[in-house]
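These notes concern the structure reproduced below.
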Amino acid sequence: MATTMLKYEEKELKVVGSRPVRPDGVDRVTGRARFGADVNLPGQIYGKVLRSPHAHARIRSIDTAAAEALPGVKAVVTRDDLAEMPTEYIAVGEMVINFRDLTRNVMAREKALYDGHPVVAVAAISEAIARKAVKLIKVDYEVLPHVIDVADAMAPDAPLLHEDQFTQGVEPRPDRPSNIAKRMAFETGDLEKGFAKADLVIERVFTTKPVHQGYIEPHSSIATCSEDGQVELWTATQGHFVIRAQCARLLNMDISKIKVMATELGGGFGGKNNVYLEPLVIMLSKKTNRPVKMTMTREEEFRASGPGSGGRIRVKMGATRDGRIVAADAQIDLQAGAFAGSPLPQATMSAFTRYDLENVRVVGHDVTVNRPKVAAYRAPGAPNAAFGVESVIDEMAGKLGLDPIDMRLKNAAREGCKTYYGVTFGPIGFIETLQRAKAHPHYSAPLKPNQGRGVASGFWFNIGFDTTSSLNVNEDGTVALTVGTVEVAGGHRASLAMMVAEEFGVDVDKVRISTGDTSQLGFNFVTAGSRGTFAGGMVAVMAAREAIGKLKERAAMVWKVAPEAVVWEDGHARPASTNVGDFEPLSIGEIARTANKTGGPIAGHAEANVSGAGPGFGTQIVDVEVDRATGLVHIVRHTVIQDAGKAIHPAYVEGQFQGGAAQGIGWALNEEYIYDEDGRLLNPGFLDYRVPVASDLPRIDTDIVEVPNPNHPYGVRGVGEVPIVPPLAAIANAIHSATGIRFTELPMSPPKVLKAIGANTDA
Amino acid sequence: MARQHVTLTVNGDEVDFLCETDQTLLSALRDELQLTGTKEGCGTGDCGACSVMLEGRLVCSCLTLAVEAAGKTVDTIEGMAHGEALHPLQTKFLEHAALQCGICTPGFLIAARALLERNPDPTETEVRYWLAGNLCRCTGYHKIVEAVLDAAAEMRGN
């Protein structure tokens, strides 16, 4: 029987909504927190990966003899050590991955498909020897023509990555293989009729670049495998249960043989949902029976992990004179990287979702190119699509002489609106974000010369999925809460501890929260898709309520009354009414201290496939100043307004808004991969791949809207994904307002802006 | 290759280690002295996660050779709190929620302390430019800058 989800109840709150210091904070400001690379084990040796220098090459042969003969080298792993995998799809984060591809991404088999693709892994007694050993390996490559960009890869005569890849979603099945892995389409209403009604039709083509998640902590894993085949793995990941599942499948092991400990995570943003090093350290440890540690360099991160998908987005929209959108059409072609599986479903389904539209068509293609396999990146796919759609809406509003917020209000989705992919919205806060944006002092503040203001909105689905939690009432009445979701960013543990403290009616510092390893709890899906506080909170509250039920039973036992005659208030069991009897309330501590006399230790636990995630909506206002001499676009003011459902710890909700906006600013203005003509990445480092620094950004103001999600006991919606969605278009719209130039290609970096200003002035 | 014996003062304690001639100070702190609070984010001096003080000067320990620290003083995040008392910057980072994942936090704290030692009353712009060598991908810097300005005010006795 499916577990019943807890519903929202409005009540007076003591802990939820306050701003306590997070329980895992002190460890983080003192250097005590143990991240991936901080874990060391006695007797450990070090792994290193040899990576392909070619974007596309057949691997004729691999000769590891000289490396194996080097003193200090303990083991070598090649493609021969990994089993062939069938085509088998599993959910990974918000994405789906095929084990045939996953094993090939962990280590190249027939071909190397991108610069940086792993080819051999070595373990040696020192990192220096491992590095030297890698250089002694001889790989015979047959270099093949390659393709980097999505439009080129879709051409019929493009170099082909996978000879056995036939476009899915096309009838009849194509007779020739293609780089187009999949076609998706959504259609509702009558597009032609819609466009016929339009007074204004605008069609534009936009391009976005793949961008790296840019977490500051590189991937790091350490595994130890004993002679009886038991594996312990410490790894920096957003989902240790999913890592365990992937390793077990790839290495043909029982899940019970692998125990995974999630270390503290130094940023993920979707980029740490999948295995990279984990199967390699396990295999190397299996061969040596010594702990094997491996950490990526920053260059390896750029060449072989992430990025988020980039692509080409064609948007055509029609509106009547009063600003009502009557037809909306888009084609979204996304780079998947070397293996199929871009966030195409999310991009196509989110493109127009936040508007109540009758006539919609969205078509999309998932396209393989000779780049690293894309990973999720904060609201994967949505920023690409929104860049196009929110830019076209801005242009339409301008041409119709309407305020861009009014135009959005005229079309905004509200409760009861059915999306073109089939879901009907419950209570949502989109309109509230638009109304608050319009009323915000930022929106009416005067602008200086060369400054412009832009607005854009964003949407994200948010998710639930498998989540578990276990809770023990300690002998003194304090609470130990164990969760299987990962502290992916600030405040996850704080938020869960706060909800549990609220339930028990105790101070938040009476709740000690720990991340459980994979042997302590049932399966947890990756902490992604903005589900941590929603789904983790749901099961933590369920576990707390189970334990509270037992506490009430124990009090009833002491008072010799029926359990229904006891209520729980402010950390105490009390008689439900004076009719029950005249009993002094029993505190959680009093009940816990005598628990051995009333039946033993008191605990609660919950396992659920959590459903009912509340969709998230946000609107952002951005002011830019364009330097006409250099082309530099400076963000001078930025405001994020977003529906959080309920902000459990408002400071960390604000932090999500600010951090997401900053990532969107980087995507809009600076971040891109630069490949040479041979398909080699030229900027695999933070010097040349420029993420925003403190002096690039202004203060980022926040305004939290709270329209409770009815399907969560505290009304929580995910908040992490939405804030990266609006900035791309908001900044483009602001640059248009400042210069009259509409950019359709990212990043809007100084050389491009300068060139466009020059062309505009000359004209 | 003979390893080098290096004696130095770390967080007030005289310590020593053996290192390779090409080993970085970052690696020596983390791997020889087990002081893992100093982080490696890039290894090329671009992210600031490995910031430490060498003879009172802010450096990237990933760009400093371990042997260069011989006979010198090094201050790391592990020495920032005194007993039970956190440094005001540490307290303000916690109060302002100026950290999310926390991997960059040790570097930011060391860099921010270096700023306030030379300029106890910085403007917001001065804070932003001083900290421009430290990358944070989580916060958008807003709360970090707030925390540094608030700590500066408190340390000045305001």
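Residues in the structure tokens are numbered from 1 in each chain, the chains being A, B, ... in the order shown, and ligands are numbered from 1 in the order shown.
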Chain B contacts on chain A, only C-alpha atoms, 7 Å, as a ChimeraX atom specification: /A:21,25,28-32,38,214-218,265-267,297-298,488-490,651-652,655,658-659,662,686-687,693-695,699-700
Strand (DSSP E) per DSSP on the backbone: members of stretch 417-627 of chain A, as number ranges by chain: A: 451-460, 465-473, 479-483, 511-515, 566-569, 572-575, 586-587, 602-610, 616-626
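Candidate residues B:Ala153, B:Met53, B:Val59, B:Val74 were compared for distance to B:Val15, and the nearest is B:Val74, using only C-alpha atoms.
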Contacts of stretch 139-149 of chain A within 10 Å, only C-alpha atoms, excl. fewer than 2 positions in-chain, as a PyMOL selection string: chain A and resi 50+52-64+111-114+119-120+136-137+151-154+158-161+179+209+310-312+334-335+337-338+367-371+675-680
Expected answer as a PyMOL selection string: helix (DSSP H, G or I) residues in chain B: chain B and resi 25-32+61-63+66-69+77-79+88-95+105-118+124-133+142-156
Shortest interatomic distance to B:Pro120 - which of B:Ala2, B:Ala152, B:Leu26, B:Ala147, counting only C-alpha atoms: B:Ala152
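Look at stretch 293-295 of chain A: the protein and nucleic acid residues within 6 Å of it, using only C-alpha atoms and passing over chain neighbours fewer than 4 places away, are Tyr46, Gly47, His219, Ser220, Ser221 and Ile222 of chain A.
We find atom CA of B:Leu33 and atom CA of B:Leu18 to be spaced 9.9 Å apart.
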Test item: residues at most 8 Å from A:Val707, only C-alpha atoms, excluding those fewer than 2 positions along its chain, as a PyMOL selection string: chain A and resi 427-429+643-646+705+709+715
